[in-house]
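**Q** Sharing data_1.cif below, mmCIF, C-alpha atoms:
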```
data_run
loop_
_atom_site.group_PDB
_atom_site.id
_atom_site.type_symbol
_atom_site.label_atom_id
_atom_site.label_comp_id
_atom_site.auth_asym_id
_atom_site.auth_seq_id
_atom_site.Cartn_x
_atom_site.Cartn_y
_atom_site.Cartn_z
ATOM 1 C CA MET A 169 220.310 -71.054 226.226
ATOM 2 C CA THR A 170 216.841 -71.648 224.753
ATOM 3 C CA GLY A 171 215.564 -72.339 221.294
ATOM 4 C CA ASP A 172 212.465 -73.709 219.658
ATOM 5 C CA LYS A 173 209.600 -75.513 221.337
ATOM 6 C CA VAL A 174 210.044 -79.292 221.347
ATOM 7 C CA GLN A 175 207.317 -81.071 219.420
ATOM 8 C CA ALA A 176 205.679 -84.037 221.140
ATOM 9 C CA LYS A 177 205.708 -87.420 219.428
ATOM 10 C CA GLU A 178 203.397 -90.245 220.408
ATOM 11 C CA TYR A 179 205.467 -92.654 222.449
ATOM 12 C CA MET A 180 203.097 -95.444 223.407
ATOM 13 C CA VAL A 181 199.678 -96.306 224.783
ATOM 14 C CA ARG A 182 199.809 -97.656 228.325
ATOM 15 C CA PHE A 183 198.018 -100.838 229.374
ATOM 16 C CA ASP A 184 195.181 -98.677 230.758
ATOM 17 C CA GLY A 185 194.677 -96.843 227.457
ATOM 18 C CA VAL A 186 196.506 -93.626 228.421
ATOM 19 C CA THR A 187 198.576 -92.174 225.569
ATOM 20 C CA LEU A 188 202.127 -91.095 226.448
ATOM 21 C CA TYR A 189 204.138 -88.534 224.493
ATOM 22 C CA ARG A 190 207.907 -88.181 224.185
ATOM 23 C CA PHE A 191 209.843 -84.910 224.153
ATOM 24 C CA ALA A 192 213.561 -84.826 223.216
ATOM 25 C CA VAL A 193 216.087 -83.196 220.858
ATOM 26 C CA PRO A 194 216.120 -84.825 218.380
ATOM 27 C CA ASN A 195 212.734 -86.465 218.777
ATOM 28 C CA ILE A 196 212.767 -88.858 215.860
ATOM 29 C CA LYS A 197 212.195 -92.589 215.530
ATOM 30 C CA ASP A 198 213.919 -94.751 212.937
ATOM 31 C CA GLU A 199 211.196 -96.179 210.669
ATOM 32 C CA THR A 200 213.179 -99.361 210.023
ATOM 33 C CA THR A 201 214.377 -100.307 213.509
ATOM 34 C CA GLY A 202 211.757 -98.549 215.630
ATOM 35 C CA GLU A 203 214.529 -97.127 217.823
ATOM 36 C CA TRP A 204 214.452 -93.531 219.058
ATOM 37 C CA ALA A 205 217.431 -91.314 218.208
ATOM 38 C CA GLU A 206 219.699 -90.587 221.162
ATOM 39 C CA PRO A 207 219.016 -87.064 222.452
ATOM 40 C CA LYS A 208 221.894 -84.621 221.980
ATOM 41 C CA PHE A 209 220.739 -81.631 224.038
ATOM 42 C CA MET A 210 218.815 -81.053 227.251
ATOM 43 C CA ILE A 211 215.269 -79.734 227.122
ATOM 44 C CA LYS A 212 213.738 -77.323 229.644
ATOM 45 C CA GLN A 213 210.232 -77.832 230.984
ATOM 46 C CA ASP A 214 208.656 -74.400 230.569
ATOM 47 C CA GLN A 215 206.405 -74.654 233.623
ATOM 48 C CA THR A 216 209.135 -75.617 236.137
ATOM 49 C CA GLY A 217 212.452 -74.718 234.510
ATOM 50 C CA LEU A 218 213.728 -78.253 235.158
ATOM 51 C CA LEU A 219 216.110 -79.795 232.611
ATOM 52 C CA TYR A 220 215.649 -83.233 231.064
ATOM 53 C CA ASP A 221 217.306 -85.263 228.342
ATOM 54 C CA VAL A 222 213.995 -87.016 227.541
ATOM 55 C CA ALA A 223 210.543 -86.352 228.973
ATOM 56 C CA ILE A 224 207.585 -88.726 228.756
ATOM 57 C CA ASP A 225 204.240 -87.140 229.606
ATOM 58 C CA VAL A 226 200.593 -88.121 229.608
ATOM 59 C CA LYS A 227 198.590 -86.780 226.674
ATOM 60 C CA ASP A 228 196.996 -83.370 227.356
ATOM 61 C CA LYS A 229 198.958 -82.873 230.611
ATOM 62 C CA GLY A 230 199.860 -79.396 229.383
ATOM 63 C CA TYR A 231 203.614 -79.487 229.884
ATOM 64 C CA THR A 232 205.707 -77.820 227.197
ATOM 65 C CA TYR A 233 209.426 -78.018 226.577
ATOM 66 C CA THR A 234 212.016 -75.780 224.937
ATOM 67 C CA GLU A 235 215.323 -76.761 223.332
ATOM 68 C CA THR A 236 218.543 -75.726 225.070
ATOM 69 C CA ASP A 237 222.156 -75.688 223.929
ATOM 70 C CA ILE A 238 223.251 -77.774 226.932
ATOM 71 C CA PRO A 239 224.767 -81.063 225.732
ATOM 72 C CA ILE A 240 223.689 -84.281 227.424
ATOM 73 C CA GLU A 241 226.414 -85.888 229.504
ATOM 74 C CA GLU A 242 226.829 -89.631 229.808
ATOM 75 C CA ASP A 243 224.656 -91.232 232.494
ATOM 76 C CA THR A 244 225.984 -92.854 235.606
ATOM 77 C CA ASP A 245 224.596 -96.224 236.658
ATOM 78 C CA SER A 246 222.391 -94.689 239.362
ATOM 79 C CA GLU A 247 220.930 -92.130 236.946
ATOM 80 C CA GLN A 248 220.163 -94.919 234.489
ATOM 81 C CA ALA A 249 218.434 -96.915 237.230
ATOM 82 C CA GLN A 250 216.336 -93.875 238.202
ATOM 83 C CA LYS A 251 215.295 -93.361 234.591
ATOM 84 C CA ALA A 252 214.368 -97.026 234.228
ATOM 85 C CA ALA A 253 212.254 -96.859 237.396
ATOM 86 C CA ALA A 254 210.503 -93.697 236.198
ATOM 87 C CA PHE A 255 209.806 -95.306 232.813
ATOM 88 C CA ASP A 256 208.376 -98.392 234.497
ATOM 89 C CA TYR A 257 206.137 -96.216 236.666
ATOM 90 C CA LEU A 258 204.870 -94.159 233.732
ATOM 91 C CA THR A 259 204.179 -97.199 231.602
ATOM 92 C CA GLY A 260 202.495 -99.104 234.419
ATOM 93 C CA ARG A 261 205.208 -101.738 234.605
ATOM 94 C CA SER A 262 206.171 -100.930 238.202
ATOM 95 C CA ASP A 263 204.744 -102.604 241.295
ATOM 96 C CA ALA A 264 203.811 -99.242 242.866
ATOM 97 C CA ASN A 265 200.210 -99.104 243.955
ATOM 98 C CA GLU A 266 199.114 -95.506 243.758
#
```
Give the structure from this file in structure tokens form.
**A**
Amino acid sequence: MTGDKVQAKEYMVRFDGVTLYRFAVPNIKDETTGEWAEPKFMIKQDQTGLLYDVAIDVKDKGYTYTETDIPIEEDTDSEQAQKAAAFDYLTGRSDANE
């Protein structure tokens, strides 16, 4: 079920200067279009055992991820909405005041 460690790639710098890193399999960005490759397999967060298709973490947070052989299934609309909300929160685009 597990494979190699997933290597972090710089994803973006938030409005407040915090660097975010992306973890996925594959974790590559097209140089021409700037688009990230669609992940093919789930990744497992080593600290919690939780599975993700893509993880975005703050630099130096300490989370690590390992490849799995579990294919990613197509998202439902509600899953897509949850992911969009999480992305907005991480990137500071949400209206949450925390």
**Q** Carefully work through the PyMOL selection byres ((chain A and resi 229) around 12) for this structure and note down the residues it includes, as an NGL selection string.
**A** :A and (176 or 186-189 or 215 or 224-228 or 230-232)
**Q** Kindly provide, as JSON, numbers by chain, the polymer residues lying within 10 Å of (205.1, -82.9, 217.3), counting only C-alpha atoms and using the coordinates exactly as they appear in the file.
**A** {"A": [173, 174, 175, 176, 177, 178, 189, 190, 191, 195, 196]}
**Q** Work out how far atom CA of Trp204 of chain A is from atom CA of Lys251 of chain A, in Å to one decimal.
**A**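 About the pair atom CA of Lys251 of chain A and atom CA of Trp204 of chain A: they are 15.6 Å apart.
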**Q** Restricting the calculation to only C-alpha atoms, which member of A:Phe255, A:Tyr233, A:Thr201, A:Gln248 is positioned closest to Thr216 of chain A?
**A**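 Smallest separation from Thr216 of chain A among the options: A:Tyr233.
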**Q** Using the chain letters and numbers from this file, what does the PyMOL selection byres ((chain A and resi 220) around 9) select? Give the answer as a list in words.
**A**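 So the PyMOL selection byres ((chain A and resi 220) around 9) ends up selecting Ala192, Phe209, Met210, Ile211, Lys212, Gln213, Leu218, Leu219, Asp221, Val222, Ala223 and Ile240 of chain A.
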**Q** Taking only C-alpha atoms into account, which of A:Gly202, A:Pro207, A:Gly185, A:Gly260 comes nearest Thr236 of chain A?
**A**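 Checking each of A:Gly202, A:Pro207, A:Gly185, A:Gly260 against Thr236 of chain A, counting only C-alpha atoms, the winner is A:Pro207.
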**Q** For Thr259 of chain A, list every protein, DNA or RNA residue within 9 Å, evaluated using all atoms listed in the file, and leave out those in the same chain fewer than 5 positions away; present the list as a ChimeraX atom specification.
**A** /A:180-183,188,254
**Q** Output C-alpha atoms for every residue in the selection just made, as a PDB file, keeping the file's coordinate frame.
**A**
```pdb
ATOM      1  CA  MET A 180     203.097 -95.444 223.407  1.00  0.00           C
ATOM      2  CA  VAL A 181     199.678 -96.306 224.783  1.00  0.00           C
ATOM      3  CA  ARG A 182     199.809 -97.656 228.325  1.00  0.00           C
ATOM      4  CA  PHE A 183     198.018-100.838 229.374  1.00  0.00           C
ATOM      5  CA  LEU A 188     202.127 -91.095 226.448  1.00  0.00           C
ATOM      6  CA  ALA A 254     210.503 -93.697 236.198  1.00  0.00           C
TER       7      ALA A 254
END
```
**Q** Using only C-alpha atoms, which of A:Asp214, A:Glu206, A:Asp198, A:Asp184 sits nearest Asp172 of chain A?
**A** A:Asp214
**Q** Take atom CA of Asp256 of chain A and atom CA of Tyr179 of chain A and report the distance between them in Å, one decimal.
**A**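 Atom-to-atom, atom CA of Asp256 of chain A and atom CA of Tyr179 of chain A are spaced 13.7 Å apart.
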**Q** Atom CA of Thr200 of chain A to atom CA of Leu258 of chain A: how many Å, to one decimal?
**A**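 Straight-line distance from atom CA of Thr200 of chain A to atom CA of Leu258 of chain A works out to 25.7 Å.
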